[in-house]
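Have a look at the structure below before the remarks.
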Amino acid sequence: MIRIELDEPTLARTRIAISPLWETVNSIFLLDRHPENAPWPYDTWARHARAVLAGFPPDAAIRIYFGLTRFPDFIQPVPPASAPTIEEELAILRATPAEVIDAQLADYEELPHYDRFRPFVERREQALAELADDLLAYHRAALGPWWPAMRAALDEEVLYRARALAMDGPDALLADLHERIRWERPILTLVKKVEHSFQALDKRLLLVPLIFSRGALTCTTDDPHVVAVSYQARGAALLADGPPDPRRDPDGLEILVGRGRAAVLRALRRPATTAGIATELGLAPSTVSEHLSALAAAGVVHRRRVGRRVLYGLEPAGVALVTLLGDETPQSRSGPYSRSA
């Protein structure tokens with residue numbers, strides 16, 4: 001069990017963040033835990049990812065994550081914002097100061113794999129750069145084809161949890177976070193094989209939903225300002241199929257409204273923001289905004305304000321268009337991947 005004692009200031013500062021880097025690292029952990037056959041829904045993705053990893057040499061920096069049970073936070077730093085890019089997170093990793101590495105490694109000298117961290121002390125800048133380069137290459141090749149759909153699912157997860165946090169407070173949010181996360185004020189317990197306890201005093205609690213958690217809860221212990229806890233996000237079922245193939249003939253919906261607006265309509269089978277749609281489809285926000293304005297003027301899309309965000313969704317006419325003319329099975333507004341992983 002990992003038991004984290006949260007004081008009131010820390011609990012009051014509970015926030016939620018998406019982390020492409022944590023997804024990347026935890027996908028490696030998942031492959032390490034399942035060297036032969038990954039469980040559903042990760043099996044299709046895992047075959048692709050193993051082929052990607054096979055392209056890295058045996059001494060590649062990215063292999064540092066294999067076999068780890070505990071590790072210093074600097075090789076998986078806390079997300080710097082609520083929705084950073086992988087490049088922004090890797091910039092934090094690349095710039096890790098020597099004093100941070102020295103301070104964190106002092107607590108890991110007893111581990112059997114401690115020697116693999118020596119390059120970060122002996123040739124810090126080079127070792128950090130090699131690790132960041134490997135992670136970026138792996139992320140683009142192994143997660144890239146699935147990332148737009150993953151990001152959309154994670155955006156939906158964040159909106160769902162943020163709404164619960166705003167309406168019911170952190171106690172209700174933590175009590176319903178995951179079956180292996182227990183909240184009995186003031187102790188947050190992560191059900192794991194390892195035994196560890198610590199206090200989070202006057203910090204910020206950051207919750208990080210992960211498609212690749214697969215129940216493997218992680219938390220930070222080294223950051224002086226933030227305690228970050230990951231948990232399994234809904235939506236992992238999107239990995240069950242191969243990545244979407246953009247090379248196909250247009251369907252009736254695309255012929256009628258154009259491929260760009262058809263893609264926006266399909267993305268709105270679950271409410272989404274302009275930025276969320278842009279990320280999912282790989283389009284410029286200005287392009288998505290233009291499509292949304294036209295679709296709203298046509299009466300097939302509506303807009304609603306939720307806190308500081310503006311969410312777009314389908315009007316009944318929009319649902320009918322996607323259902324009758326689209327080539328995909330329509331989904332409910334709660335999201336296309338409602339099956340729990």
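Residue numbering restarts at 1 for every chain of the structure tokens, chains are lettered A, B, ... in their displayed order, and ligands are numbered from 1 as they appear.
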
Tell me which protein, DNA and RNA residues are within 9 Å of Arg124 in chain A, counting only C-alpha atoms, leaving out same-chain ones fewer than 3 positions away, and put them as a PDB file with N, CA, C and O atoms, in the first residue's frame.
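Listing of result_10.pdb after writing:
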ATOM      1  N   THR A  96      16.596  19.236 -16.612  1.00  0.00           N
ATOM      2  CA  THR A  96      16.690  18.867 -15.197  1.00  0.00           C
ATOM      3  C   THR A  96      18.032  19.294 -14.618  1.00  0.00           C
ATOM      4  O   THR A  96      19.087  18.881 -15.108  1.00  0.00           O
ATOM      5  N   PRO A  97      18.040  20.122 -13.576  1.00  0.00           N
ATOM      6  CA  PRO A  97      19.311  20.582 -12.993  1.00  0.00           C
ATOM      7  C   PRO A  97      20.064  19.453 -12.303  1.00  0.00           C
ATOM      8  O   PRO A  97      19.470  18.484 -11.818  1.00  0.00           O
ATOM      9  N   ALA A  98      21.374  19.582 -12.225  1.00  0.00           N
ATOM     10  CA  ALA A  98      22.217  18.569 -11.586  1.00  0.00           C
ATOM     11  C   ALA A  98      21.844  18.390 -10.122  1.00  0.00           C
ATOM     12  O   ALA A  98      21.827  17.258  -9.617  1.00  0.00           O
ATOM     13  N   ILE A 101      18.840  16.079  -9.741  1.00  0.00           N
ATOM     14  CA  ILE A 101      19.212  14.677  -9.953  1.00  0.00           C
ATOM     15  C   ILE A 101      19.939  14.124  -8.740  1.00  0.00           C
ATOM     16  O   ILE A 101      19.630  13.033  -8.253  1.00  0.00           O
ATOM     17  N   ARG A 118      23.541   6.283 -13.233  1.00  0.00           N
ATOM     18  CA  ARG A 118      24.836   6.989 -13.139  1.00  0.00           C
ATOM     19  C   ARG A 118      25.101   7.927 -14.314  1.00  0.00           C
ATOM     20  O   ARG A 118      25.684   9.004 -14.118  1.00  0.00           O
ATOM     21  N   PRO A 119      24.715   7.564 -15.558  1.00  0.00           N
ATOM     22  CA  PRO A 119      24.964   8.513 -16.659  1.00  0.00           C
ATOM     23  C   PRO A 119      24.348   9.884 -16.454  1.00  0.00           C
ATOM     24  O   PRO A 119      24.883  10.885 -16.951  1.00  0.00           O
ATOM     25  N   PHE A 120      23.241   9.955 -15.703  1.00  0.00           N
ATOM     26  CA  PHE A 120      22.615  11.257 -15.476  1.00  0.00           C
ATOM     27  C   PHE A 120      23.430  12.126 -14.520  1.00  0.00           C
ATOM     28  O   PHE A 120      23.235  13.340 -14.465  1.00  0.00           O
ATOM     29  N   VAL A 121      24.342  11.505 -13.787  1.00  0.00           N
ATOM     30  CA  VAL A 121      25.253  12.239 -12.910  1.00  0.00           C
ATOM     31  C   VAL A 121      26.563  12.542 -13.640  1.00  0.00           C
ATOM     32  O   VAL A 121      27.073  13.657 -13.590  1.00  0.00           O
ATOM     33  N   ALA A 127      22.988  12.490 -21.325  1.00  0.00           N
ATOM     34  CA  ALA A 127      22.084  11.403 -20.936  1.00  0.00           C
ATOM     35  C   ALA A 127      20.626  11.852 -20.991  1.00  0.00           C
ATOM     36  O   ALA A 127      19.753  11.110 -21.461  1.00  0.00           O
ATOM     37  N   LEU A 128      20.343  13.057 -20.514  1.00  0.00           N
ATOM     38  CA  LEU A 128      18.979  13.575 -20.562  1.00  0.00           C
ATOM     39  C   LEU A 128      18.519  13.770 -22.000  1.00  0.00           C
ATOM     40  O   LEU A 128      17.368  13.451 -22.339  1.00  0.00           O
ATOM     41  N   ALA A 129      19.407  14.278 -22.849  1.00  0.00           N
ATOM     42  CA  ALA A 129      19.051  14.492 -24.253  1.00  0.00           C
ATOM     43  C   ALA A 129      18.784  13.169 -24.960  1.00  0.00           C
ATOM     44  O   ALA A 129      17.835  13.050 -25.753  1.00  0.00           O
TER      45      ALA A 129
END

Can you write out as a tab-separated table which residues of range 133-226 of chain A fall within 8 Å of range 29-38 of chain A, alongside each residue's closest atom pair and its distance in Å to one decimal, counting only C-alpha atoms and ordering rows by chain and ascending residue number?
residue	atom	partner	partner_atom	distance
A:Phe212	CA	A:Leu30	CA	7.1
A:Ser213	CA	A:Leu30	CA	7.7
A:Arg214	CA	A:Leu30	CA	7.4

Just-selected residues, C-alpha atoms written as a CSV table (one decimal), in the first residue's frame:
chain,number,residue,atom,x,y,z
A,212,PHE,CA,-2.0,3.1,-20.4
A,213,SER,CA,-2.4,2.8,-16.6
A,214,ARG,CA,-3.9,-0.7,-16.8

query = What separation in Å, quoted to one decimal, exists between CA of Ala317 in chain A and CA of Leu159 in chain A?
reply = 24.9 Å

key: Interatomic distance, CA of Val322 in chain A to CA of Gly299 in chain A (Å, one decimal)   = 13.8 Å

query = Do you have the CA of Val310 in chain A-CA of Leu165 in chain A distance handy?
reply =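 Value for the CA of Val310 in chain A-CA of Leu165 in chain A distance: 18.0 Å.
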
Could you pull out the strand (DSSP E or B) residues of range 25-195 of chain A from DSSP and send them as a tab-separated table (two decimals) with N, CA and C atoms, in the first residue's frame?
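Once everything was written out, this is part.tsv:
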chain	number	residue	atom	x	y	z
A	181	ILE	N	-8.04	2.87	-5.52
A	181	ILE	CA	-7.70	4.10	-4.81
A	181	ILE	C	-8.75	4.32	-3.74
A	182	ARG	N	-8.32	4.37	-2.50
A	182	ARG	CA	-9.23	4.52	-1.37
A	182	ARG	C	-9.00	5.88	-0.71
A	183	TRP	N	-10.07	6.56	-0.43
A	183	TRP	CA	-9.99	7.86	0.23
A	183	TRP	C	-10.73	7.80	1.54
A	184	GLU	N	-9.98	7.87	2.63
A	184	GLU	CA	-10.51	7.97	3.98
A	184	GLU	C	-9.79	9.13	4.64
A	187	ILE	N	-6.29	10.25	4.49
A	187	ILE	CA	-5.36	9.31	3.86
A	187	ILE	C	-5.87	8.88	2.48
A	188	LEU	N	-5.04	9.08	1.48
A	188	LEU	CA	-5.30	8.56	0.14
A	188	LEU	C	-4.43	7.31	-0.02
A	189	THR	N	-5.06	6.17	-0.24
A	189	THR	CA	-4.35	4.90	-0.30
A	189	THR	C	-4.38	4.35	-1.72
A	190	LEU	N	-3.21	4.02	-2.25
A	190	LEU	CA	-3.08	3.35	-3.54
A	190	LEU	C	-2.80	1.89	-3.24

message = Between A:Pro148, A:Pro186, A:Pro39, A:Pro170, which residue has the minimum interatomic distance to Leu206 in chain A, considering only C-alpha atoms?
response = A:Pro170

inquiry  = Applying 8 Å and only C-alpha atoms, which residues near range 62-64 of chain A remain after dropping the ones on its own chain fewer than 4 positions away? List them as a list in words.
reply    = Pro58, Leu68, Arg116, Leu131, Asp134 and Leu135 of chain A

inquiry  = So, with only C-alpha atoms as the atoms that count, which of A:Asp59, A:Leu201, A:Trp22, A:Leu324 lies closest to Glu130 in chain A?
reply    =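 Answer, going by the shortest atom-to-atom distance: A:Asp59.
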
task = Using only C-alpha atoms, find the one residue out of A:Leu268, A:Leu90, A:Arg47, A:Trp146 that sits nearest to Leu238 in chain A.
result = A:Trp146

remark   = Using only C-alpha atoms, the shortest atom-to-atom distance to Pro112 in chain A among A:Phe71, A:Phe198, A:Tyr42, A:Tyr160 belongs to A:Phe71

Polymer residues at most 9 Å from range 292-294 of chain A, only C-alpha atoms, same-chain spacing of 3 or more positions, as a list in words =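 That gives Arg261, Val264, Leu265, Thr274, Thr287, Val288, Ser289, Ala297, Ala298, Gly299, Val301, His302 and Tyr312 of chain A.
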
key: For Gly144 in chain A: contacts at 12 Å, only C-alpha atoms, fewer than 6 positions along chain excluded, given as a ChimeraX atom specification   = /A:20,23-24,45,48-49,52,86,135-138,150-151,239,242-244,280,282
